[in-house]
Amino acid sequence: MKLFYKIYIASLFILAMLCIPLTTVLAESVQSSSTLKLESMESEALIGDQNPDTNSLNYKIYLPEGYDENRAEGYPVLYLLHGSHGSVDSWDDFWDSLDSMIENEIIEPVIAVVPATNNSYWVDSNRLGNYESAIIGDLIPNIDSDYNTIDDRKGRYLMGYSMGGYGALRYSLAYPDKFNATTLLSPAIQQGEPPSTSRAYTGGAFGDPYNADIWNSKNYPALINSYVNQPYRVPIYTVVGDDDWNHLSEKEDLPADASKYNMEVQAVKLYQALSRKNIFNTDFPKWEAVPANPGELRVVDGGHDLDVWSKGFEEGIKYMFDKGEEDPEWAPKYEVANYATENKGTITTKTLESPVLANDSTSGDTMDYQVYLPNGYSSAANTKYSVLYLLHGSWGDDSSWDDFWPILDSMIDNGDMPPVIAVAPITGNSYWVDSGTYGSVESAIIQDLVPTIERDYPTVQERKGRALVGYSMGGYGAVRYSLVYPELFGGTVLLSPAIEDGEAPITSGAVTRGSFGDPFDSDRWDELNYPNALNGYASKEFQVPMYIIAGDDDWNHLSEKEDLPDDAYKYNMEMQVVSLYERLHRKNIYNKDFEKWEEVPASPAELRIVNGGHGMDVWGYGFEEGMHYLVNNGLLLSNEGDDENPLPDEPTDDAKITIEDNEIIDLTDGSSLLINIDEIKSVVEITASQVEQLKDKKVIIHLKGLGVELRIPAENLTGEGDVQIIIKKDKDNGDALTAVYDFSITQGDKKIDSFGQPVTLIFKVADTKVSNTKDVKIYYYEEENGEWIKIGGTYKDGTVTAETDHFTNFTVFERKDQNDSEQPTDEQEDQNDSEQPTDEQKNNEDDGETGQSTGNENTDNDDGAGDKTDNELPNTASNMFNFLILGVVFLLVGLFSLIFIVRLKRVRL
């Protein structure tokens with residue numbers, strides 16, 4: 001009897017012990033991450049339409065970690081609209097970002113809903129079904145009924161990419177009483193009719209065959225008319241890539257002006273229509289902000305893909321929920337403290353005695369100009385510097401570039417660009433052209449100033465050694481000089497350029513200040529304006545790469561009211577920079593033959609539209625990024641004009657840095673000897689006797705510059721003779737975050753290949769280049785296998801640090817570990833990297849949309865409906881469950897045994 005009591009008690013104990021971990025596992029399975037659920041609902045709108053094949057609407061639900069159906073305050077809901085051939089899986093690539101933003105408290109927990117409507121364009125249609133009515137009339141009430149939502153417009157948000165951008169824009173304007181804010185990612189929109197090759201035209205959503213009246217009645221210009229007559233305002237955040245689909249590549253299938261369909265053009269037009277015009281006809285004071293719908297526009301580097309949409313997803317969410325600061329790449333701020341450095345260049349104001357000016361019709365014969373010489377400048381005969389020609393804006397003087405000099409100092413000191421000479425002519429309001437008011441400014445610069453600089457300074461005297469930078473009015477001059485004199489200049493940076501593709505506004509300085517005649521001569525303007533200059537440029541052999549940047553909040557000409565016509569928004573900066581970009585970079589200006597669907601031959605250029613106005617927030621960032629662009633495309637890294645090998649194999653005396661004996665005598669034991677290097681001086685020589693002193697004091701030799709730092713224990717110098725340490729900075733390598741560096745040490749006639757004590761490597765890496773800091777590591781090149789091998793390292797505060805026991809070529813990559821489960825397969829990489837349309841995509845282009853989706857392209861909307869994903873118990877739960885069953889068995893055996901014995905005992909009695 002006692003034995004069975006013991007069995008029973010033991011069974012209870014086992015059962016209790018097993019319940020504890022099982023409870024923990026069950027709790028973790030529910031609460032450790034967000035949840036995704038596939039659901040389907042019968043839709044009255046779909047049942048009642050003319051498409052008998054689909055009566056149900058499938059959708060995926062994202063529930064945030066810790067979702068509480070009983071929470072007093074409901075959850076906001078984000079409705080995500082996919083592109084063509086979309087499915088419930090189309091937003092799967094974005095869930096990790098949403099998880100992270102919620103976990104890091106950037107935004108509050110939200111519910112997300114991904115309806116699947118295939119190629120519907122999110123509208124009601126006879127061919128595809130009444131999907132718009134299904135979303136608005138059926139899905140939203142169903143979500144509000146089944147989940148703990150904020151069931152009014154303040155709790156609903158929209159986001160759509162490509163075709164989904166069309167739907168999100170339409171729903172925002174047609175149902176502003178239902179949605180609080182919207183994000184458009186490369187929206188497949190057209191202000192006018194769509195191209196005949198687009199899916200909007202061929203897919204049946206707007207009539208089968210296509211019906212222009214249906215399209216126009218549903219398109220956003222028509223919706224604005226009703227939108228302005230209701231009280232709600234839906235803020236709209238729009239993001240597009242500057243390398244989205246170029247419709248001119250479709251050649252004969254579309255008209256010669258097909259670039260008008262391009263995504264960046266349409267995004268700018270939408271922004272004008274909603275956020276720059278006085279669409280509400282509200283009275284406002286002249287010169288003040290024009291009352292308009294709240295909105296933001298970003299044109300960023302990228303195509304029609306996840307590279308643009310992933311970041312746009314995060315920035316759009318922050319905008320819609322008014323949480324967190326926008327990424328500084330998209331919303332830059334100028335802070336001079338960010339460019340602080342002790343190694344400053346020198347700036348001198350000089351006067352040019354100009355024969356050109358002396359012989360023109362004006363009284364002056366001189367031109368003042370500033371010369372910037374970099375820190376460590378050398379006038380040695382074998383030293384050559386590239387030259388930046390800086391063209392100021394209106395009312396220019398000797399302070400016009402004061403905010404830019406610190407950027408130049410910092411970038412040179414950090415090794416982000418080579419040391420350069422900068423020349424800033426001072427020409428007042430000249431518009432940088434020859435005129436009777438200001439003199440022959442253009443001719444004086446080209447014929448007198450450039451030769452003077454090359455006579456007086458050691459410059460790279462070829463076009464790749466000269467570049468142009470201009471802001472505002474200076475941007476006009478920089479464009480003109482680039483197109484008229486491409487044989488002189490290797491690259492150009494345009495910061496909010498004061499350009500016009502047609503007539504100049506009558507209130508502009510171009511008209512009122514005499515540069516184009518006094519009074520203004522429109523023929524002279526047309527003669528000198530860039531569209532005319534493009535004709536000659538296209539016939540020349542040289543191309544001038546241009547980096548173009550402007551702010552989306554630049555001057556709005558509509559604020560001048562009656563002084564300008566009703567369509568004065570056409571003069572706005574964002575309209576003009578996109579027009580220049582299309583003419584220069586998206587059209588076949590060279591009339592070269594090219595294969596259909598391939599890249600259109602054009603002049604190299606980049607376009608950015610960021611948050612900001614007509615000032616240093618935009619220009620400071622643009623100047624810095626423009627310098628990177630010039631280094632990659634125009635300015636030379638070499639001090640001798642060889643951009644294949646930045647430093648000569650045999651260092652010249654001018655490249656060498658020697659150490660004074662007193663510098664070593666003053667060092668204490670265990671201290672560091674700091675040696676600053678730069679693009680010119682990057683070879684350190686230490687005599688044999690100095691080496692012995694450094695070793696005796698256990699000194700760390702600390703080299704700093706060119707974007708890297710080396711900390712070399714002197715005890716590694718174990719040979720005999722003088723020591724030479726050489727740092728070579730080569731060109732950028734593919735997806736590396738820094739340039740490739742070649743480090744070497746020779747002592748006497750022997751090269752030191754390995755070290756007894758590790759050498760510390762520190763690489764500067766801009767935060768803006770980093771996505772995941774844990775994946776940023778230093779790599780060295782293994783020549784035998786031809787592979788980059790990871791050393792490791794830790795990224796913090798803009799630098800990555802690691803140790804090495806040898807010298808070779810080094811760089812920094814951001815790469816996931818090969819064993820990482822999220823590492824893409826080769827097939828996935830091919831899909832992500834390819835921008836070439838498939839045969840089907842070629843026949844079904846929809847306003848820049850190539851039919852690509854961000855998730856698994858499951859077009860069978862019924863597949864998997866009602867299932868749940870990411871909600872299975874982990875294996876540990878299954879194991880614990882098995883033990884639990886075993887414990888229950890023990891318990892039952894003990895219980896029945898106890899009952900049996902008790903009853904047997906009673907029978908015996």
# chains A, B, ... in the order shown; residues from 1 in each chain; ligands from 1
>>> residues_around(residues="Pro425 (chain A)", least_positions_apart="3", cutoff="9 Å", atoms="only C-alpha atoms", output="PyMOL selection string")
chain A and resi 367-371+389-392+397-398+445+449
>>> select_by_dssp(residues="region 526-563 of chain A", states="strand (DSSP E or B)", output="compact mmCIF listing (two decimals) with N, CA, C and O atoms, in the first residue's frame")
# COMPACT_ATOMS: atom_id res chain seq x y z
N MET A 546 27.10 64.71 -63.92
CA MET A 546 26.51 65.77 -63.08
C MET A 546 25.75 65.16 -61.91
O MET A 546 24.95 64.25 -62.09
N TYR A 547 26.00 65.71 -60.74
CA TYR A 547 25.25 65.37 -59.53
C TYR A 547 24.33 66.55 -59.23
O TYR A 547 24.80 67.66 -59.00
N ILE A 548 23.01 66.29 -59.25
CA ILE A 548 22.01 67.35 -59.13
C ILE A 548 21.19 67.13 -57.87
O ILE A 548 20.65 66.03 -57.66
N ILE A 549 21.07 68.16 -57.04
CA ILE A 549 20.30 68.01 -55.81
C ILE A 549 19.49 69.29 -55.56
O ILE A 549 19.93 70.39 -55.87
N ALA A 550 18.29 69.08 -55.01
CA ALA A 550 17.43 70.22 -54.65
C ALA A 550 16.57 69.80 -53.47
O ALA A 550 16.43 68.61 -53.17
N GLY A 551 15.96 70.78 -52.81
CA GLY A 551 15.06 70.51 -51.70
C GLY A 551 13.62 70.58 -52.15
O GLY A 551 13.27 71.36 -53.05
>>> atom_distance(atom1="CA of Ser443 (chain A)", atom2="CA of Gly626 (chain A)")
25.8 Å
>>> atom_distance(atom1="CA of Val265 (chain A)", atom2="CA of Trp245 (chain A)")
11.5 Å
>>> residues_around(residues="Asp678 (chain A)", least_positions_apart="5", cutoff="8 Å", atoms="only C-alpha atoms", output="CSV table (one decimal) with C-alpha atoms, in the first residue's frame")
chain,number,residue,atom,x,y,z
A,412,ILE,CA,40.3,65.9,-47.0
A,413,ASP,CA,41.5,65.3,-43.5
A,415,GLY,CA,40.6,60.8,-46.5
A,418,PRO,CA,42.1,63.8,-52.1
A,419,PRO,CA,43.6,67.2,-51.4
A,705,GLY,CA,44.7,59.9,-42.3
A,706,LEU,CA,43.1,58.9,-45.6
>>> closest_atom_pairs(of="region 374-492 of chain A", to="region 628-634 of chain A", cutoff="9 Å", atoms="only C-alpha atoms", output="tab-separated table")
residue	atom	partner	partner_atom	distance
A:Asp416	CA	A:His628	CA	7.4
A:Met417	CA	A:Val631	CA	6.7
A:Pro418	CA	A:Val631	CA	8.2
A:Arg463	CA	A:Gly634	CA	8.3
A:Lys464	CA	A:Gly634	CA	5.1
A:Gly465	CA	A:Gly634	CA	7.2
A:Arg466	CA	A:Gly634	CA	7.8
A:Ala467	CA	A:Gly634	CA	7.2
A:Phe489	CA	A:Gly634	CA	8.4
A:Gly490	CA	A:Gly634	CA	4.8
A:Gly491	CA	A:Gly634	CA	5.1
A:Thr492	CA	A:Leu630	CA	7.2
>>> write_last_selection(atoms="all heavy atoms", output="PDB file, in the first residue's frame")
ATOM      1  N   ASP A 416      38.322  61.174 -47.232  1.00  0.00           N
ATOM      2  CA  ASP A 416      37.158  60.918 -48.072  1.00  0.00           C
ATOM      3  C   ASP A 416      37.348  61.445 -49.492  1.00  0.00           C
ATOM      4  O   ASP A 416      36.601  61.070 -50.394  1.00  0.00           O
ATOM      5  CB  ASP A 416      35.906  61.557 -47.465  1.00  0.00           C
ATOM      6  CG  ASP A 416      35.520  60.901 -46.152  1.00  0.00           C
ATOM      7  OD1 ASP A 416      35.758  59.687 -46.020  1.00  0.00           O
ATOM      8  OD2 ASP A 416      34.985  61.598 -45.267  1.00  0.00           O
ATOM      9  N   MET A 417      38.301  62.322 -49.667  1.00  0.00           N
ATOM     10  CA  MET A 417      38.629  62.844 -50.994  1.00  0.00           C
ATOM     11  C   MET A 417      40.084  63.284 -50.968  1.00  0.00           C
ATOM     12  O   MET A 417      40.653  63.541 -49.897  1.00  0.00           O
ATOM     13  CB  MET A 417      37.720  64.012 -51.365  1.00  0.00           C
ATOM     14  CG  MET A 417      37.854  65.227 -50.469  1.00  0.00           C
ATOM     15  SD  MET A 417      36.780  66.602 -50.963  1.00  0.00           S
ATOM     16  CE  MET A 417      37.536  67.074 -52.533  1.00  0.00           C
ATOM     17  N   PRO A 418      40.704  63.371 -52.119  1.00  0.00           N
ATOM     18  CA  PRO A 418      42.097  63.809 -52.140  1.00  0.00           C
ATOM     19  C   PRO A 418      42.211  65.302 -51.876  1.00  0.00           C
ATOM     20  O   PRO A 418      41.234  66.042 -52.035  1.00  0.00           O
ATOM     21  CB  PRO A 418      42.526  63.480 -53.579  1.00  0.00           C
ATOM     22  CG  PRO A 418      41.267  63.541 -54.358  1.00  0.00           C
ATOM     23  CD  PRO A 418      40.196  63.031 -53.449  1.00  0.00           C
ATOM     24  N   ARG A 463      41.112  67.690 -68.334  1.00  0.00           N
ATOM     25  CA  ARG A 463      39.715  67.897 -67.951  1.00  0.00           C
ATOM     26  C   ARG A 463      39.348  67.120 -66.690  1.00  0.00           C
ATOM     27  O   ARG A 463      38.541  67.590 -65.886  1.00  0.00           O
ATOM     28  CB  ARG A 463      38.779  67.520 -69.101  1.00  0.00           C
ATOM     29  CG  ARG A 463      38.803  66.055 -69.506  1.00  0.00           C
ATOM     30  CD  ARG A 463      37.899  65.807 -70.720  1.00  0.00           C
ATOM     31  NE  ARG A 463      36.524  66.160 -70.457  1.00  0.00           N
ATOM     32  CZ  ARG A 463      35.632  65.325 -69.926  1.00  0.00           C
ATOM     33  NH1 ARG A 463      35.987  64.089 -69.595  1.00  0.00           N
ATOM     34  NH2 ARG A 463      34.402  65.711 -69.712  1.00  0.00           N
ATOM     35  N   LYS A 464      39.941  65.954 -66.463  1.00  0.00           N
ATOM     36  CA  LYS A 464      39.616  65.179 -65.269  1.00  0.00           C
ATOM     37  C   LYS A 464      40.178  65.820 -64.010  1.00  0.00           C
ATOM     38  O   LYS A 464      39.816  65.425 -62.904  1.00  0.00           O
ATOM     39  CB  LYS A 464      40.135  63.753 -65.402  1.00  0.00           C
ATOM     40  CG  LYS A 464      39.321  62.900 -66.362  1.00  0.00           C
ATOM     41  CD  LYS A 464      39.751  61.443 -66.289  1.00  0.00           C
ATOM     42  CE  LYS A 464      38.866  60.578 -67.152  1.00  0.00           C
ATOM     43  NZ  LYS A 464      39.245  59.152 -67.057  1.00  0.00           N
ATOM     44  N   GLY A 465      41.026  66.790 -64.182  1.00  0.00           N
ATOM     45  CA  GLY A 465      41.567  67.503 -63.041  1.00  0.00           C
ATOM     46  C   GLY A 465      40.826  68.786 -62.725  1.00  0.00           C
ATOM     47  O   GLY A 465      41.260  69.542 -61.855  1.00  0.00           O
ATOM     48  N   ARG A 466      39.718  69.024 -63.449  1.00  0.00           N
ATOM     49  CA  ARG A 466      38.918  70.222 -63.181  1.00  0.00           C
ATOM     50  C   ARG A 466      37.459  69.828 -62.984  1.00  0.00           C
ATOM     51  O   ARG A 466      36.930  68.993 -63.718  1.00  0.00           O
ATOM     52  CB  ARG A 466      39.003  71.213 -64.348  1.00  0.00           C
ATOM     53  CG  ARG A 466      40.410  71.602 -64.762  1.00  0.00           C
ATOM     54  CD  ARG A 466      40.387  72.628 -65.883  1.00  0.00           C
ATOM     55  NE  ARG A 466      41.685  72.686 -66.564  1.00  0.00           N
ATOM     56  CZ  ARG A 466      41.968  72.034 -67.681  1.00  0.00           C
ATOM     57  NH1 ARG A 466      41.025  71.308 -68.274  1.00  0.00           N
ATOM     58  NH2 ARG A 466      43.152  72.135 -68.224  1.00  0.00           N
ATOM     59  N   ALA A 467      36.814  70.444 -62.006  1.00  0.00           N
ATOM     60  CA  ALA A 467      35.399  70.184 -61.759  1.00  0.00           C
ATOM     61  C   ALA A 467      34.708  71.478 -61.365  1.00  0.00           C
ATOM     62  O   ALA A 467      35.342  72.430 -60.908  1.00  0.00           O
ATOM     63  CB  ALA A 467      35.224  69.138 -60.664  1.00  0.00           C
ATOM     64  N   PHE A 489      36.166  70.374 -68.376  1.00  0.00           N
ATOM     65  CA  PHE A 489      35.728  69.980 -67.038  1.00  0.00           C
ATOM     66  C   PHE A 489      35.312  68.509 -66.994  1.00  0.00           C
ATOM     67  O   PHE A 489      34.639  68.011 -67.896  1.00  0.00           O
ATOM     68  CB  PHE A 489      34.573  70.871 -66.578  1.00  0.00           C
ATOM     69  CG  PHE A 489      34.931  72.323 -66.535  1.00  0.00           C
ATOM     70  CD1 PHE A 489      34.523  73.196 -67.546  1.00  0.00           C
ATOM     71  CD2 PHE A 489      35.708  72.828 -65.501  1.00  0.00           C
ATOM     72  CE1 PHE A 489      34.861  74.535 -67.525  1.00  0.00           C
ATOM     73  CE2 PHE A 489      36.061  74.174 -65.468  1.00  0.00           C
ATOM     74  CZ  PHE A 489      35.644  75.028 -66.482  1.00  0.00           C
ATOM     75  N   GLY A 490      35.719  67.850 -65.898  1.00  0.00           N
ATOM     76  CA  GLY A 490      35.478  66.413 -65.778  1.00  0.00           C
ATOM     77  C   GLY A 490      34.241  66.034 -65.002  1.00  0.00           C
ATOM     78  O   GLY A 490      33.802  64.886 -65.060  1.00  0.00           O
ATOM     79  N   GLY A 491      33.650  66.953 -64.261  1.00  0.00           N
ATOM     80  CA  GLY A 491      32.456  66.637 -63.482  1.00  0.00           C
ATOM     81  C   GLY A 491      31.864  67.889 -62.877  1.00  0.00           C
ATOM     82  O   GLY A 491      32.545  68.916 -62.758  1.00  0.00           O
ATOM     83  N   THR A 492      30.588  67.794 -62.478  1.00  0.00           N
ATOM     84  CA  THR A 492      29.866  68.983 -62.002  1.00  0.00           C
ATOM     85  C   THR A 492      28.915  68.612 -60.875  1.00  0.00           C
ATOM     86  O   THR A 492      28.290  67.543 -60.894  1.00  0.00           O
ATOM     87  CB  THR A 492      29.060  69.614 -63.156  1.00  0.00           C
ATOM     88  OG1 THR A 492      29.964  69.998 -64.192  1.00  0.00           O
ATOM     89  CG2 THR A 492      28.269  70.819 -62.696  1.00  0.00           C
TER      90      THR A 492
END
>>> residues_around(residues="Asp53 (chain A)", least_positions_apart="4", cutoff="10 Å", atoms="only C-alpha atoms", output="list in words")
Leu46, Ile47, Leu128 and Gly129 of chain A
>>> write_last_selection(atoms="N, CA, C and O atoms", output="CSV table (one decimal), in the first residue's frame")
chain,number,residue,atom,x,y,z
A,46,LEU,N,-17.7,41.6,-54.1
A,46,LEU,CA,-17.2,40.6,-55.1
A,46,LEU,C,-18.3,39.7,-55.5
A,46,LEU,O,-18.4,39.2,-56.7
A,47,ILE,N,-19.2,39.3,-54.6
A,47,ILE,CA,-20.3,38.4,-54.9
A,47,ILE,C,-21.2,39.1,-55.9
A,47,ILE,O,-21.7,38.5,-56.9
A,128,LEU,N,-12.1,42.3,-63.7
A,128,LEU,CA,-11.3,41.8,-62.6
A,128,LEU,C,-12.2,41.7,-61.3
A,128,LEU,O,-11.8,41.0,-60.4
A,129,GLY,N,-13.2,42.5,-61.2
A,129,GLY,CA,-14.0,42.5,-60.0
A,129,GLY,C,-14.0,43.8,-59.2
A,129,GLY,O,-13.2,44.7,-59.5
>>> closest_residue(among="A:Ser310, A:Ala714, A:Lys656, A:Leu373", to="Gly670 (chain A)", atoms="only C-alpha atoms")
A:Ala714
>>> closest_residue(among="A:Glu625, A:Glu709, A:Asp434, A:Glu250", to="Leu408 (chain A)", atoms="only C-alpha atoms")
A:Glu625
>>> residues_around(residues="region 760-777 of chain A", least_positions_apart="4", cutoff="6 Å", atoms="only C-alpha atoms", output="ChimeraX atom specification")
/A:707-711,792-793,795,798-803,812-816
>>> residues_around(residues="Asp526 (chain A)", least_positions_apart="2", cutoff="10 Å", atoms="only C-alpha atoms", output="VMD selection string")
chain A and resid 501 to 504 516 521 to 524 528 to 533
>>> select_by_dssp(residues="region 598-635 of chain A", states="helix (DSSP H, G or I)", output="PDB file with N, CA and C atoms, in the first residue's frame")
ATOM      1  N   MET A 616      21.686  75.881 -46.754  1.00  0.00           N
ATOM      2  CA  MET A 616      22.809  75.014 -46.431  1.00  0.00           C
ATOM      3  C   MET A 616      22.404  73.614 -45.973  1.00  0.00           C
ATOM      4  N   ASP A 617      21.196  73.423 -45.456  1.00  0.00           N
ATOM      5  CA  ASP A 617      20.804  72.058 -45.109  1.00  0.00           C
ATOM      6  C   ASP A 617      20.883  71.157 -46.337  1.00  0.00           C
ATOM      7  N   VAL A 618      20.415  71.663 -47.455  1.00  0.00           N
ATOM      8  CA  VAL A 618      20.483  70.904 -48.704  1.00  0.00           C
ATOM      9  C   VAL A 618      21.867  71.002 -49.315  1.00  0.00           C
ATOM     10  N   TRP A 619      22.431  72.207 -49.347  1.00  0.00           N
ATOM     11  CA  TRP A 619      23.691  72.415 -50.059  1.00  0.00           C
ATOM     12  C   TRP A 619      24.882  71.771 -49.354  1.00  0.00           C
ATOM     13  N   GLY A 620      24.891  71.801 -48.017  1.00  0.00           N
ATOM     14  CA  GLY A 620      26.001  71.178 -47.308  1.00  0.00           C
ATOM     15  C   GLY A 620      26.059  69.683 -47.580  1.00  0.00           C
ATOM     16  N   TYR A 621      24.906  69.035 -47.464  1.00  0.00           N
ATOM     17  CA  TYR A 621      24.849  67.599 -47.758  1.00  0.00           C
ATOM     18  C   TYR A 621      25.156  67.335 -49.225  1.00  0.00           C
ATOM     19  N   GLY A 622      24.578  68.161 -50.105  1.00  0.00           N
ATOM     20  CA  GLY A 622      24.811  67.978 -51.528  1.00  0.00           C
ATOM     21  C   GLY A 622      26.268  68.185 -51.918  1.00  0.00           C
ATOM     22  N   PHE A 623      26.919  69.146 -51.272  1.00  0.00           N
ATOM     23  CA  PHE A 623      28.339  69.389 -51.542  1.00  0.00           C
ATOM     24  C   PHE A 623      29.163  68.162 -51.163  1.00  0.00           C
ATOM     25  N   GLU A 624      28.880  67.613 -49.978  1.00  0.00           N
ATOM     26  CA  GLU A 624      29.624  66.444 -49.507  1.00  0.00           C
ATOM     27  C   GLU A 624      29.397  65.246 -50.424  1.00  0.00           C
ATOM     28  N   GLU A 625      28.136  64.968 -50.739  1.00  0.00           N
ATOM     29  CA  GLU A 625      27.841  63.845 -51.624  1.00  0.00           C
ATOM     30  C   GLU A 625      28.365  64.111 -53.029  1.00  0.00           C
ATOM     31  N   GLY A 626      28.316  65.360 -53.431  1.00  0.00           N
ATOM     32  CA  GLY A 626      28.848  65.710 -54.733  1.00  0.00           C
ATOM     33  C   GLY A 626      30.340  65.464 -54.844  1.00  0.00           C
ATOM     34  N   MET A 627      31.074  65.698 -53.750  1.00  0.00           N
ATOM     35  CA  MET A 627      32.505  65.410 -53.762  1.00  0.00           C
ATOM     36  C   MET A 627      32.763  63.916 -53.947  1.00  0.00           C
ATOM     37  N   HIS A 628      31.978  63.092 -53.256  1.00  0.00           N
ATOM     38  CA  HIS A 628      32.105  61.645 -53.472  1.00  0.00           C
ATOM     39  C   HIS A 628      31.843  61.295 -54.932  1.00  0.00           C
ATOM     40  N   TYR A 629      30.815  61.910 -55.481  1.00  0.00           N
ATOM     41  CA  TYR A 629      30.458  61.639 -56.874  1.00  0.00           C
ATOM     42  C   TYR A 629      31.587  62.063 -57.822  1.00  0.00           C
ATOM     43  N   LEU A 630      32.180  63.210 -57.572  1.00  0.00           N
ATOM     44  CA  LEU A 630      33.265  63.683 -58.423  1.00  0.00           C
ATOM     45  C   LEU A 630      34.483  62.776 -58.330  1.00  0.00           C
ATOM     46  N   VAL A 631      34.791  62.326 -57.128  1.00  0.00           N
ATOM     47  CA  VAL A 631      35.933  61.429 -56.962  1.00  0.00           C
ATOM     48  C   VAL A 631      35.719  60.160 -57.775  1.00  0.00           C
ATOM     49  N   ASN A 632      34.505  59.661 -57.783  1.00  0.00           N
ATOM     50  CA  ASN A 632      34.209  58.433 -58.501  1.00  0.00           C
ATOM     51  C   ASN A 632      34.124  58.639 -60.012  1.00  0.00           C
ATOM     52  N   ASN A 633      33.875  59.852 -60.450  1.00  0.00           N
ATOM     53  CA  ASN A 633      33.628  60.080 -61.866  1.00  0.00           C
ATOM     54  C   ASN A 633      34.553  61.088 -62.541  1.00  0.00           C
TER      55      ASN A 633
END
>>> residues_around(residues="Leu607 (chain A)", least_positions_apart="3", cutoff="8 Å", atoms="only C-alpha atoms", output="list in words")
Asp242, Val299, Val300, Asp301, Tyr547, Ile548, Ile549, Val577, Val578 and Tyr581 of chain A
